[in-house]
$ cat my_file35.cif   # mmCIF, C-alpha atoms
data_my_file
#
loop_
_atom_site.label_atom_id
_atom_site.label_comp_id
_atom_site.auth_asym_id
_atom_site.auth_seq_id
_atom_site.Cartn_x
_atom_site.Cartn_y
_atom_site.Cartn_z
CA MET D 1 -18.54 30.91 -6.89
CA GLU D 2 -19.84 27.38 -6.98
CA GLN D 3 -17.12 24.81 -7.41
CA ASN D 4 -17.21 21.73 -9.59
CA GLY D 5 -16.08 18.34 -8.35
CA VAL D 6 -12.87 16.56 -9.11
CA PHE D 7 -13.14 12.82 -8.59
CA LEU D 8 -10.00 11.10 -7.35
CA TRP D 9 -9.77 7.31 -7.43
CA ILE D 10 -6.78 5.44 -6.11
CA PHE D 11 -6.21 1.75 -6.76
CA GLY D 12 -3.70 -0.57 -5.15
CA PHE D 13 -3.60 -4.10 -6.43
CA ALA D 14 -1.37 -6.58 -4.76
CA ILE D 15 0.22 -9.22 -6.87
CA VAL D 16 3.96 -10.12 -6.34
CA VAL D 17 6.93 -11.62 -8.30
CA CYS D 18 10.53 -10.67 -8.11
CA GLY D 19 13.48 -10.15 -10.35
CA ASN D 20 16.81 -8.49 -10.79
CA GLN D 21 17.17 -4.75 -10.60
CA GLU D 22 19.80 -2.12 -11.18
CA THR D 23 19.71 0.99 -9.02
CA LEU D 24 19.61 4.11 -11.13
CA GLN D 25 22.53 6.36 -10.33
CA GLN D 26 21.28 9.92 -10.47
CA PRO D 27 23.47 11.90 -8.12
CA PRO D 28 22.93 14.08 -6.30
CA ILE D 29 19.16 13.55 -6.25
CA SER D 30 19.47 9.76 -5.89
CA ALA D 31 21.20 10.22 -2.55
CA LYS D 32 17.92 11.57 -1.19
CA LEU D 33 15.83 8.58 -2.29
CA PRO D 34 16.03 6.90 1.15
CA SER D 35 14.43 10.04 2.61
CA LEU D 36 11.50 9.73 0.20
CA ILE D 37 11.17 6.04 1.15
CA ASN D 38 11.11 7.00 4.83
CA MET D 39 8.47 9.65 4.12
CA ASN D 40 6.27 7.14 2.29
CA ASN D 41 6.73 4.47 4.95
CA ASP D 42 5.92 6.84 7.82
CA PHE D 43 2.81 7.88 5.89
CA ALA D 44 1.89 4.18 5.60
CA PHE D 45 1.67 3.80 9.37
CA HIS D 46 -0.09 7.13 9.92
CA LEU D 47 -2.75 6.12 7.39
CA TYR D 48 -3.01 2.59 8.81
CA LYS D 49 -3.60 3.88 12.33
CA ARG D 50 -6.27 6.27 11.08
CA LEU D 51 -8.01 3.39 9.30
CA ILE D 52 -8.10 1.09 12.33
CA GLU D 53 -9.45 3.95 14.47
CA SER D 54 -12.33 4.51 12.04
CA PRO D 55 -15.62 2.82 13.09
CA ASP D 56 -16.13 1.77 9.46
CA TYR D 57 -13.00 -0.37 9.40
CA GLN D 58 -12.58 -1.58 12.97
CA SER D 59 -12.50 -5.37 13.34
CA LYS D 60 -12.19 -5.77 9.58
CA ASN D 61 -9.44 -6.94 7.28
CA ILE D 62 -7.18 -4.08 6.21
CA PHE D 63 -5.13 -4.07 3.02
CA PHE D 64 -3.96 -1.08 1.01
CA SER D 65 -1.04 0.39 -0.91
CA PRO D 66 0.36 3.41 0.94
CA PHE D 67 2.74 3.99 -1.96
CA SER D 68 -0.22 4.36 -4.33
CA VAL D 69 -2.01 6.80 -1.99
CA SER D 70 1.02 8.98 -1.19
CA MET D 71 1.89 9.14 -4.89
CA ALA D 72 -1.63 10.34 -5.76
CA LEU D 73 -1.52 13.00 -3.05
CA SER D 74 1.90 14.13 -4.22
CA GLU D 75 0.49 14.41 -7.74
CA LEU D 76 -2.35 16.58 -6.45
CA SER D 77 0.17 18.88 -4.76
CA LEU D 78 1.59 19.68 -8.22
CA GLY D 79 -1.53 21.73 -8.89
CA ALA D 80 -2.26 22.95 -5.37
CA GLY D 81 -1.46 26.31 -3.82
CA GLY D 82 -1.68 28.13 -0.50
CA ASP D 83 -3.00 26.25 2.52
CA THR D 84 -4.29 23.41 0.30
CA LYS D 85 -0.76 22.65 -0.82
CA GLN D 86 0.70 22.98 2.65
CA GLN D 87 -1.91 20.58 4.06
CA LEU D 88 -1.23 18.04 1.32
CA LEU D 89 2.52 18.21 1.87
CA SER D 90 2.19 18.06 5.65
CA GLY D 91 -0.27 15.17 5.37
CA ILE D 92 2.16 12.98 3.40
CA GLY D 93 5.03 13.91 5.74
CA TYR D 94 6.99 16.22 3.46
CA ASN D 95 9.92 17.99 5.16
CA SER D 96 11.37 20.99 3.31
CA ALA D 97 14.62 20.65 5.27
CA ILE D 98 15.34 17.34 3.52
CA PHE D 99 14.35 18.06 -0.08
CA SER D 100 12.40 20.64 -2.07
CA THR D 101 8.99 19.90 -3.58
CA GLU D 102 10.64 19.84 -7.00
CA GLU D 103 13.09 17.22 -5.71
CA MET D 104 10.22 15.24 -4.18
CA HIS D 105 8.56 14.92 -7.58
CA GLN D 106 11.93 14.05 -9.16
CA LEU D 107 12.41 11.33 -6.52
CA PHE D 108 9.00 9.84 -7.25
CA HIS D 109 10.02 9.85 -10.92
CA SER D 110 13.30 8.10 -10.08
CA LEU D 111 11.44 5.47 -8.07
CA LEU D 112 8.97 4.84 -10.89
CA GLU D 113 11.84 4.60 -13.39
CA GLU D 114 13.68 2.16 -11.14
CA ILE D 115 10.58 -0.02 -10.79
CA GLY D 116 9.98 0.10 -14.53
CA ASN D 117 13.52 -1.11 -15.26
CA ARG D 118 13.08 -4.41 -13.40
CA THR D 119 13.01 -6.80 -16.31
CA GLU D 120 12.27 -9.97 -14.32
CA VAL D 121 9.57 -8.53 -12.09
CA ASP D 122 5.87 -8.50 -12.94
CA ILE D 123 5.15 -5.09 -11.45
CA ASP D 124 3.32 -2.15 -12.96
CA VAL D 125 2.80 1.23 -11.30
CA GLY D 126 1.28 4.23 -12.99
CA THR D 127 -1.23 7.05 -13.25
CA ALA D 128 -4.02 8.06 -15.60
CA LEU D 129 -5.68 11.47 -15.80
CA TYR D 130 -9.13 11.79 -17.38
CA ALA D 131 -10.22 15.38 -18.09
CA SER D 132 -13.66 16.52 -19.20
CA ASP D 133 -13.89 17.91 -22.72
CA ARG D 134 -15.32 21.07 -21.13
CA PHE D 135 -12.44 21.42 -18.68
CA LYS D 136 -9.14 23.09 -19.54
CA PRO D 137 -6.27 22.04 -17.24
CA HIS D 138 -3.11 24.12 -17.37
CA SER D 139 -0.58 22.65 -19.80
CA LYS D 140 2.14 22.93 -17.10
CA PHE D 141 0.15 20.65 -14.78
CA LEU D 142 -0.35 18.07 -17.53
CA GLU D 143 3.32 18.26 -18.53
CA ASP D 144 4.47 17.80 -14.92
CA MET D 145 2.12 14.84 -14.45
CA LYS D 146 3.58 13.23 -17.55
CA GLU D 147 7.20 14.03 -16.73
CA PHE D 148 7.25 13.07 -13.05
CA TYR D 149 4.53 10.41 -12.80
CA HIS D 150 4.36 8.89 -16.31
CA SER D 151 0.68 9.84 -16.43
CA ASP D 152 -1.50 8.76 -19.33
CA GLY D 153 -3.88 11.53 -20.38
CA PHE D 154 -7.41 11.28 -21.84
CA THR D 155 -10.08 13.83 -22.80
CA VAL D 156 -13.55 12.40 -22.19
CA ASP D 157 -17.24 13.20 -21.82
CA PHE D 158 -18.29 12.26 -18.28
CA SER D 159 -21.97 12.50 -19.17
CA VAL D 160 -21.92 9.32 -21.27
CA LYS D 161 -21.67 5.71 -20.10
CA GLU D 162 -18.90 4.99 -22.61
CA THR D 163 -16.48 6.94 -20.40
CA VAL D 164 -17.11 4.59 -17.48
CA ASP D 165 -16.57 1.64 -19.83
CA GLN D 166 -13.32 3.23 -21.08
CA ILE D 167 -11.98 3.67 -17.55
CA ASN D 168 -12.97 0.14 -16.55
CA LYS D 169 -11.24 -1.32 -19.60
CA TYR D 170 -8.08 0.67 -18.84
CA VAL D 171 -8.02 -0.52 -15.22
CA GLU D 172 -8.70 -4.12 -16.25
CA GLU D 173 -5.74 -4.05 -18.64
CA LYS D 174 -3.38 -2.39 -16.16
CA THR D 175 -4.31 -4.82 -13.37
CA HIS D 176 -4.11 -7.88 -15.64
CA GLY D 177 -7.79 -8.69 -15.16
CA LYS D 178 -7.81 -8.45 -11.36
CA ILE D 179 -10.33 -5.60 -11.48
CA SER D 180 -12.87 -5.55 -14.27
CA GLN D 181 -15.48 -3.23 -12.76
CA ALA D 182 -13.55 -0.39 -11.17
CA VAL D 183 -16.20 2.31 -11.65
CA ASP D 184 -19.98 1.89 -11.52
CA ASN D 185 -20.84 5.46 -12.43
CA LEU D 186 -19.53 9.01 -12.39
CA GLU D 187 -21.28 12.29 -11.70
CA LYS D 188 -22.01 14.15 -14.93
CA ASP D 189 -20.39 17.34 -13.57
CA THR D 190 -17.09 15.56 -12.88
CA LEU D 191 -14.26 17.58 -14.40
CA MET D 192 -11.26 15.36 -13.69
CA PHE D 193 -10.67 11.78 -12.67
CA LEU D 194 -7.20 10.92 -11.33
CA LEU D 195 -6.35 7.24 -10.99
CA THR D 196 -3.21 5.58 -9.66
CA TYR D 197 -2.67 1.84 -9.77
CA ILE D 198 -0.14 -0.74 -8.73
CA TYR D 199 -0.02 -4.35 -9.90
CA PHE D 200 2.44 -6.65 -8.20
CA LYS D 201 2.74 -10.41 -8.71
CA GLY D 202 5.19 -12.76 -7.10
CA LYS D 203 6.19 -16.37 -6.62
CA TRP D 204 7.66 -17.71 -3.41
CA ASP D 205 11.38 -18.37 -3.31
CA LYS D 206 10.40 -21.53 -1.40
CA PRO D 207 6.92 -22.56 -2.57
CA PHE D 208 4.50 -24.43 -0.35
CA LYS D 209 3.56 -27.96 -1.41
CA PRO D 210 -0.17 -28.19 -2.19
CA GLU D 211 -0.36 -31.68 -0.67
CA THR D 212 0.57 -30.23 2.74
CA THR D 213 -2.37 -27.80 2.72
CA SER D 214 -5.25 -28.91 4.91
CA GLU D 215 -8.35 -27.53 6.56
CA SER D 216 -7.69 -25.88 9.90
CA THR D 217 -9.19 -23.35 12.28
CA PHE D 218 -8.60 -19.59 12.36
CA TYR D 219 -9.34 -17.89 15.69
CA ILE D 220 -10.84 -14.47 15.00
CA ASP D 221 -11.17 -13.89 18.75
CA ASP D 222 -11.75 -15.87 21.93
CA LYS D 223 -15.32 -16.71 20.88
CA THR D 224 -15.26 -16.84 17.09
CA THR D 225 -13.54 -19.24 14.71
CA VAL D 226 -13.72 -19.88 10.97
CA PRO D 227 -12.39 -22.77 8.85
CA VAL D 228 -9.40 -22.03 6.61
CA GLN D 229 -7.16 -23.85 4.17
CA MET D 230 -3.82 -23.74 6.01
CA MET D 231 -0.58 -24.07 4.05
CA HIS D 232 2.38 -25.70 5.79
CA GLN D 233 6.16 -25.74 5.45
CA TYR D 234 9.02 -27.16 7.47
CA GLU D 235 11.99 -25.31 6.02
CA HIS D 236 14.94 -23.06 6.76
CA LEU D 237 13.20 -19.69 6.79
CA LYS D 238 13.84 -16.15 8.01
CA VAL D 239 12.29 -15.61 11.44
CA TYR D 240 12.65 -13.22 14.39
CA TYR D 241 11.12 -12.77 17.82
CA ASP D 242 10.56 -9.15 18.85
CA VAL D 243 10.73 -9.14 22.64
CA GLU D 244 9.65 -5.50 22.80
CA LEU D 245 6.37 -6.28 21.05
CA PHE D 246 6.11 -9.99 22.02
CA THR D 247 5.61 -10.64 18.32
CA LYS D 248 6.65 -13.48 16.03
CA VAL D 249 7.97 -12.30 12.67
CA LEU D 250 8.25 -14.37 9.49
CA CYS D 251 9.90 -13.05 6.32
CA LEU D 252 8.93 -14.95 3.16
CA ASP D 253 11.02 -14.02 0.14
CA TYR D 254 9.84 -13.99 -3.42
CA ASN D 255 12.06 -15.00 -6.33
CA ASP D 256 14.40 -12.08 -5.94
CA SER D 257 14.00 -8.64 -4.48
CA PHE D 258 10.67 -8.47 -2.65
CA SER D 259 9.47 -9.96 0.62
CA MET D 260 6.29 -10.49 2.55
CA ILE D 261 6.64 -9.91 6.28
CA LEU D 262 4.04 -11.51 8.54
CA ALA D 263 3.81 -10.42 12.18
CA VAL D 264 1.60 -12.11 14.76
CA PRO D 265 1.31 -11.42 18.51
CA ASP D 266 2.57 -14.25 20.70
CA VAL D 267 -0.67 -15.50 22.22
CA TYR D 268 1.25 -17.83 24.52
CA MET D 269 2.88 -14.90 26.35
CA LYS D 270 -0.32 -12.78 26.51
CA GLN D 271 1.63 -9.57 27.28
CA LYS D 272 0.60 -7.93 23.99
CA THR D 273 -2.58 -8.02 21.93
CA MET D 274 -3.14 -7.40 18.23
CA LYS D 275 -4.29 -3.89 19.13
CA ASP D 276 -1.03 -3.28 20.99
CA LEU D 277 0.97 -4.44 17.99
CA GLU D 278 -0.83 -2.40 15.35
CA MET D 279 -0.84 0.79 17.45
CA THR D 280 2.89 0.47 18.23
CA VAL D 281 4.47 -0.87 15.03
CA SER D 282 6.32 1.68 12.92
CA ARG D 283 8.72 2.06 10.03
CA GLN D 284 11.60 1.55 12.46
CA HIS D 285 10.23 -1.84 13.50
CA ILE D 286 10.07 -3.00 9.88
CA GLU D 287 13.66 -1.89 9.38
CA LYS D 288 14.72 -3.71 12.56
CA TRP D 289 12.93 -6.90 11.52
CA ARG D 290 14.54 -6.84 8.07
CA ARG D 291 17.98 -6.59 9.70
CA SER D 292 17.33 -9.03 12.52
CA VAL D 293 15.70 -12.04 10.86
CA SER D 294 17.84 -15.14 10.77
CA GLU D 295 17.37 -18.49 9.07
CA ARG D 296 16.41 -21.51 11.12
CA LYS D 297 14.36 -24.61 10.43
CA VAL D 298 10.82 -23.97 11.54
CA ASP D 299 7.27 -25.17 11.08
CA ILE D 300 5.09 -22.47 9.58
CA TYR D 301 1.36 -22.42 8.96
CA VAL D 302 -0.04 -19.66 6.72
CA PRO D 303 -3.68 -19.47 5.56
CA LYS D 304 -4.56 -19.28 1.89
CA LEU D 305 -6.17 -15.88 1.32
CA SER D 306 -8.25 -14.07 -1.23
CA LEU D 307 -9.18 -10.63 0.07
CA LYS D 308 -10.70 -7.52 -1.45
CA THR D 309 -10.84 -4.16 0.31
CA SER D 310 -12.39 -0.82 -0.54
CA TYR D 311 -12.00 2.48 1.31
CA SER D 312 -13.46 5.95 1.14
CA LEU D 313 -10.53 8.03 2.34
CA LYS D 314 -12.13 11.48 2.41
CA ASP D 315 -12.81 11.57 6.17
CA ILE D 316 -9.55 9.72 6.91
CA LEU D 317 -7.47 12.31 5.01
CA LYS D 318 -9.42 15.18 6.55
CA GLY D 319 -8.54 13.71 9.94
CA MET D 320 -4.89 13.82 8.88
CA GLY D 321 -5.17 17.57 8.28
CA MET D 322 -5.95 17.60 4.55
CA THR D 323 -9.25 19.49 4.85
CA ASP D 324 -9.23 22.41 2.42
CA MET D 325 -9.02 20.32 -0.75
CA PHE D 326 -12.49 18.90 0.02
CA SER D 327 -14.14 22.31 0.55
CA ASP D 328 -14.75 25.66 -1.13
CA LYS D 329 -11.38 26.71 0.33
CA ALA D 330 -9.63 24.40 -2.13
CA ASP D 331 -6.82 26.06 -4.06
CA PHE D 332 -6.05 24.14 -7.23
CA THR D 333 -5.09 27.15 -9.30
CA GLY D 334 -2.13 25.15 -10.56
CA VAL D 335 -4.55 22.71 -12.21
CA SER D 336 -7.00 25.13 -13.81
CA GLU D 337 -8.42 28.66 -13.73
CA GLU D 338 -11.74 27.14 -12.67
CA ASN D 339 -12.62 26.76 -9.01
CA ILE D 340 -12.44 23.04 -8.30
CA PHE D 341 -12.27 20.76 -5.30
CA VAL D 342 -11.79 17.05 -4.59
CA SER D 343 -15.13 15.33 -4.03
CA LYS D 344 -14.00 11.77 -3.31
CA VAL D 345 -10.86 9.77 -2.63
CA LEU D 346 -11.36 6.03 -3.02
CA HIS D 347 -8.88 3.19 -2.69
CA LYS D 348 -9.28 -0.46 -3.67
CA ALA D 349 -6.89 -3.34 -3.16
CA THR D 350 -6.79 -7.09 -3.61
CA LEU D 351 -4.61 -9.75 -2.02
CA ASP D 352 -4.31 -13.43 -2.95
CA ILE D 353 -1.92 -15.83 -1.24
CA ASP D 354 -1.54 -19.47 -2.27
CA GLU D 355 1.11 -22.22 -2.41
CA GLN D 356 2.90 -20.69 -5.42
CA GLY D 357 3.08 -17.08 -4.32
CA THR D 358 1.19 -13.88 -3.74
CA THR D 359 -1.18 -12.06 -5.95
CA ALA D 360 -2.07 -8.71 -4.71
CA ALA D 361 1.84 -6.89 -1.99
CA ALA D 362 20.34 -0.98 13.21
CA VAL D 363 18.97 -1.11 16.63
CA THR D 364 21.20 -2.90 19.08
CA GLY D 365 19.41 -4.75 21.86
CA VAL D 366 19.79 -7.62 24.26
CA GLU D 367 17.07 -10.21 23.93
CA ILE D 368 16.02 -12.10 27.05
CA ARG D 369 13.79 -15.08 26.41
CA PRO D 370 12.16 -17.59 28.74
CA THR D 371 14.42 -20.61 28.87
CA SER D 372 11.52 -23.05 28.97
CA TYR D 373 9.75 -21.62 25.93
CA ASP D 374 10.92 -21.39 22.33
CA PRO D 375 8.55 -18.94 20.60
CA LEU D 376 9.93 -19.77 17.18
CA SER D 377 9.58 -23.55 17.31
CA ASP D 378 6.59 -23.05 15.05
CA LEU D 379 4.83 -20.04 13.58
CA LYS D 380 1.12 -20.57 13.17
CA PHE D 381 -0.80 -17.68 11.68
CA ASP D 382 -4.14 -18.93 12.95
CA HIS D 383 -5.25 -15.71 14.64
CA PRO D 384 -5.18 -12.04 13.47
CA PHE D 385 -1.84 -10.96 12.01
CA MET D 386 -0.27 -8.11 10.05
CA ILE D 387 1.14 -8.22 6.51
CA PHE D 388 3.76 -6.02 4.85
CA ILE D 389 5.00 -6.37 1.27
CA THR D 390 8.35 -4.63 0.99
CA ASP D 391 11.11 -4.02 -1.49
CA GLN D 392 14.31 -5.56 -0.10
CA THR D 393 16.53 -3.15 -2.05
CA ASN D 394 15.28 0.03 -0.41
CA ASP D 395 12.74 -1.01 2.27
CA ASN D 396 9.92 0.72 0.38
CA ILE D 397 6.61 -0.57 1.77
CA LEU D 398 4.30 -1.27 -1.17
CA PHE D 399 1.42 -2.81 0.79
CA VAL D 400 0.25 -2.89 4.41
CA GLY D 401 -2.51 -5.03 5.85
CA LYS D 402 -4.11 -6.92 8.70
CA VAL D 403 -5.97 -10.22 8.43
CA VAL D 404 -8.75 -10.46 10.99
CA ASN D 405 -10.97 -12.95 9.16
CA PRO D 406 -9.54 -14.79 6.13
CA ASN D 407 -13.10 -15.63 5.02
CA GLU D 408 -14.38 -12.05 5.11
CA LYS D 409 -15.85 -10.80 1.85
CA LEU D 410 -15.97 -7.19 0.70
#

$ encode --input "my_file35.cif" --output "structure tokens"
Amino acid sequence: MEQNGVFLWIFGFAIVVCGNQETLQQPPISAKLPSLINMNNDFAFHLYKRLIESPDYQSKNIFFSPFSVSMALSELSLGAGGDTKQQLLSGIGYNSAIFSTEEMHQLFHSLLEEIGNRTEVDIDVGTALYASDRFKPHSKFLEDMKEFYHSDGFTVDFSVKETVDQINKYVEEKTHGKISQAVDNLEKDTLMFLLTYIYFKGKWDKPFKPETTSESTFYIDDKTTVPVQMMHQYEHLKVYYDVELFTKVLCLDYNDSFSMILAVPDVYMKQKTMKDLEMTVSRQHIEKWRRSVSERKVDIYVPKLSLKTSYSLKDILKGMGMTDMFSDKADFTGVSEENIFVSKVLHKATLDIDEQGTTAAAVTGVEIRPTSYDPLSDLKFDHPFMIFITDQTNDNILFVGKVVNPNEKL
């Protein structure tokens, strides 16, 4: 039987601010929340490494929300069965020995509730499900999407342009105007359109002074440079030198409970390259850096950025073992009686960094450093570096990225 297409669109929009939060106490399920965070963060690095290995994205800026992607895939697993479900669960790193699939969905719900309860944080995470008026999803699937993932539901006619306009207006509202043209067109035989979004806006705990920003040079590689507007601070800031990776780490806090971690290879030492860093770095490194940073007065130089990224994740996810959902082997009997498959998985993200903030997003060791060289006397991010936007309260990685060329346009 010929299968109709389900169109899956995932958005991650990076914009950051921070505020107070209260951790929801939901024992015993809440005790397993760190395991869900670990699952999502491990998925972040698996997806990142697949992206940088892809010819389409090599030597380009990378920026995406792994939380948005893993949440969308978890949502799909609600309606999947057989090998399709097992591949989805395996692909996002699910481990049945730690929690059941029911508990996984409950944990995502707890995380969304916890984010939604942050009264002083400008952060919005959610899901929308658009179903064709000729498509009949199972009520159980729709109820689970609403219960666990706070999904908005709409019945639409994909054959008319007004549906595209409706989706674009919804995305524009949810992303506070950051994205006004999310969808150009949709296939008329589309039966379902699943969209996840994250909007995150933040102001620096210690803002940069605009008068200290000046034009400087960014070294893309040994032969290529571009001009950038470089922000500067000389402040007591959280820094760390990772001797294992020969990497300088800077942790810039927002007003309260989120941080941006910047990591740049130490070009002076030359033992490690950017490729070494991005192929080696893992969830455990982020956790170590968060524990190990200490305040000291340093000179930092960070470029002003305005980046947009767009990814087709179909081949990437197939490479991670999630193959059946894109073929006639797809089993989405939990979604509908009709034979359906996923035709596309797209992800878009934006990142803006300026003087005011961002708009986008225990290991014990003995450190031995060269006595004649202080790697943290200044931190100048004037060659390719990595970016992580994390939640200080639970180490959840909301955004991951790499800046290769701050002037690169989508």

$ resolve_selection --input "my_file35.cif" --expression "the PyMOL selection byres ((chain D and resi 143) around 12)" --output "MDAnalysis selection string"
chainID D and resid 75 78:79 129 137:142 144:153 334:335

$ residues_around --input "my_file35.cif" --residues "range 380-386 of chain D" --least-positions-apart "5" --cutoff "6 Å" --atoms "only C-alpha atoms" --output "ChimeraX atom specification"
/D:218-220,262-264,300-302,401-404

$ atom_distance --input "my_file35.cif" --atom1 "CA of Ile167 in chain D" --atom2 "CA of Gln181 in chain D"
9.1 Å

$ residues_near_point --input "my_file35.cif" --point "(-3.4, -18.2, -2.0)" --cutoff "6 Å" --atoms "all atoms listed in the file" --output "ChimeraX atom specification"
/D:304-305,352-354

$ residues_around --input "my_file35.cif" --residues "range 93-95 of chain D" --least-positions-apart "4" --cutoff "12 Å" --atoms "only C-alpha atoms" --output "VMD selection string"
chain D and resid 35 to 47 70 73 to 74 77 85 to 89 99 to 105 320 to 322

$ atom_distance --input "my_file35.cif" --atom1 "CA of Ala80 in chain D" --atom2 "CA of Asp331 in chain D"
5.7 Å

$ decode --input "my_file35.cif" --residues "range 33-56 of chain D" --atoms "N, CA and C atoms" --output "compact mmCIF listing (two decimals), in the first residue's frame"
# COMPACT_ATOMS: atom_id res chain seq x y z
N LEU D 33 15.05 12.47 36.79
CA LEU D 33 15.23 13.57 35.84
C LEU D 33 16.69 13.73 35.40
N PRO D 34 17.68 13.60 36.30
CA PRO D 34 19.07 13.69 35.84
C PRO D 34 19.41 12.68 34.76
N SER D 35 18.77 11.51 34.80
CA SER D 35 19.03 10.49 33.77
C SER D 35 18.48 10.93 32.42
N LEU D 36 17.32 11.61 32.43
CA LEU D 36 16.79 12.14 31.17
C LEU D 36 17.71 13.24 30.63
N ILE D 37 18.22 14.10 31.53
CA ILE D 37 19.15 15.16 31.12
C ILE D 37 20.39 14.54 30.49
N ASN D 38 20.93 13.50 31.12
CA ASN D 38 22.11 12.82 30.57
C ASN D 38 21.81 12.24 29.20
N MET D 39 20.62 11.64 29.05
CA MET D 39 20.23 11.08 27.75
C MET D 39 20.19 12.16 26.69
N ASN D 40 19.56 13.29 27.01
CA ASN D 40 19.47 14.39 26.04
C ASN D 40 20.84 14.97 25.71
N ASN D 41 21.69 15.10 26.73
CA ASN D 41 23.01 15.68 26.50
C ASN D 41 23.92 14.76 25.69
N ASP D 42 23.84 13.45 25.95
CA ASP D 42 24.61 12.51 25.14
C ASP D 42 24.13 12.55 23.69
N PHE D 43 22.81 12.64 23.52
CA PHE D 43 22.26 12.77 22.16
C PHE D 43 22.79 14.02 21.47
N ALA D 44 22.95 15.10 22.23
CA ALA D 44 23.46 16.36 21.67
C ALA D 44 24.80 16.14 20.99
N PHE D 45 25.69 15.42 21.64
CA PHE D 45 27.04 15.24 21.09
C PHE D 45 27.04 14.21 19.96
N HIS D 46 26.18 13.19 20.04
CA HIS D 46 26.07 12.24 18.93
C HIS D 46 25.58 12.96 17.68
N LEU D 47 24.57 13.81 17.84
CA LEU D 47 24.04 14.55 16.69
C LEU D 47 25.06 15.54 16.17
N TYR D 48 25.74 16.24 17.07
CA TYR D 48 26.76 17.21 16.66
C TYR D 48 27.84 16.54 15.81
N LYS D 49 28.32 15.39 16.26
CA LYS D 49 29.41 14.72 15.56
C LYS D 49 28.95 14.20 14.20
N ARG D 50 27.68 13.81 14.10
CA ARG D 50 27.14 13.43 12.79
C ARG D 50 27.07 14.64 11.86
N LEU D 51 26.70 15.79 12.39
CA LEU D 51 26.60 16.99 11.58
C LEU D 51 27.96 17.41 11.02
N ILE D 52 28.99 17.40 11.87
CA ILE D 52 30.30 17.88 11.40
C ILE D 52 30.96 16.87 10.47
N GLU D 53 30.48 15.62 10.47
CA GLU D 53 31.00 14.62 9.53
C GLU D 53 30.32 14.70 8.17
N SER D 54 29.16 15.39 8.13
CA SER D 54 28.41 15.49 6.89
C SER D 54 29.07 16.49 5.94
N PRO D 55 29.26 16.13 4.67
CA PRO D 55 29.86 17.06 3.70
C PRO D 55 29.09 18.37 3.58
N ASP D 56 27.78 18.32 3.83
CA ASP D 56 26.96 19.53 3.69
C ASP D 56 27.27 20.58 4.75
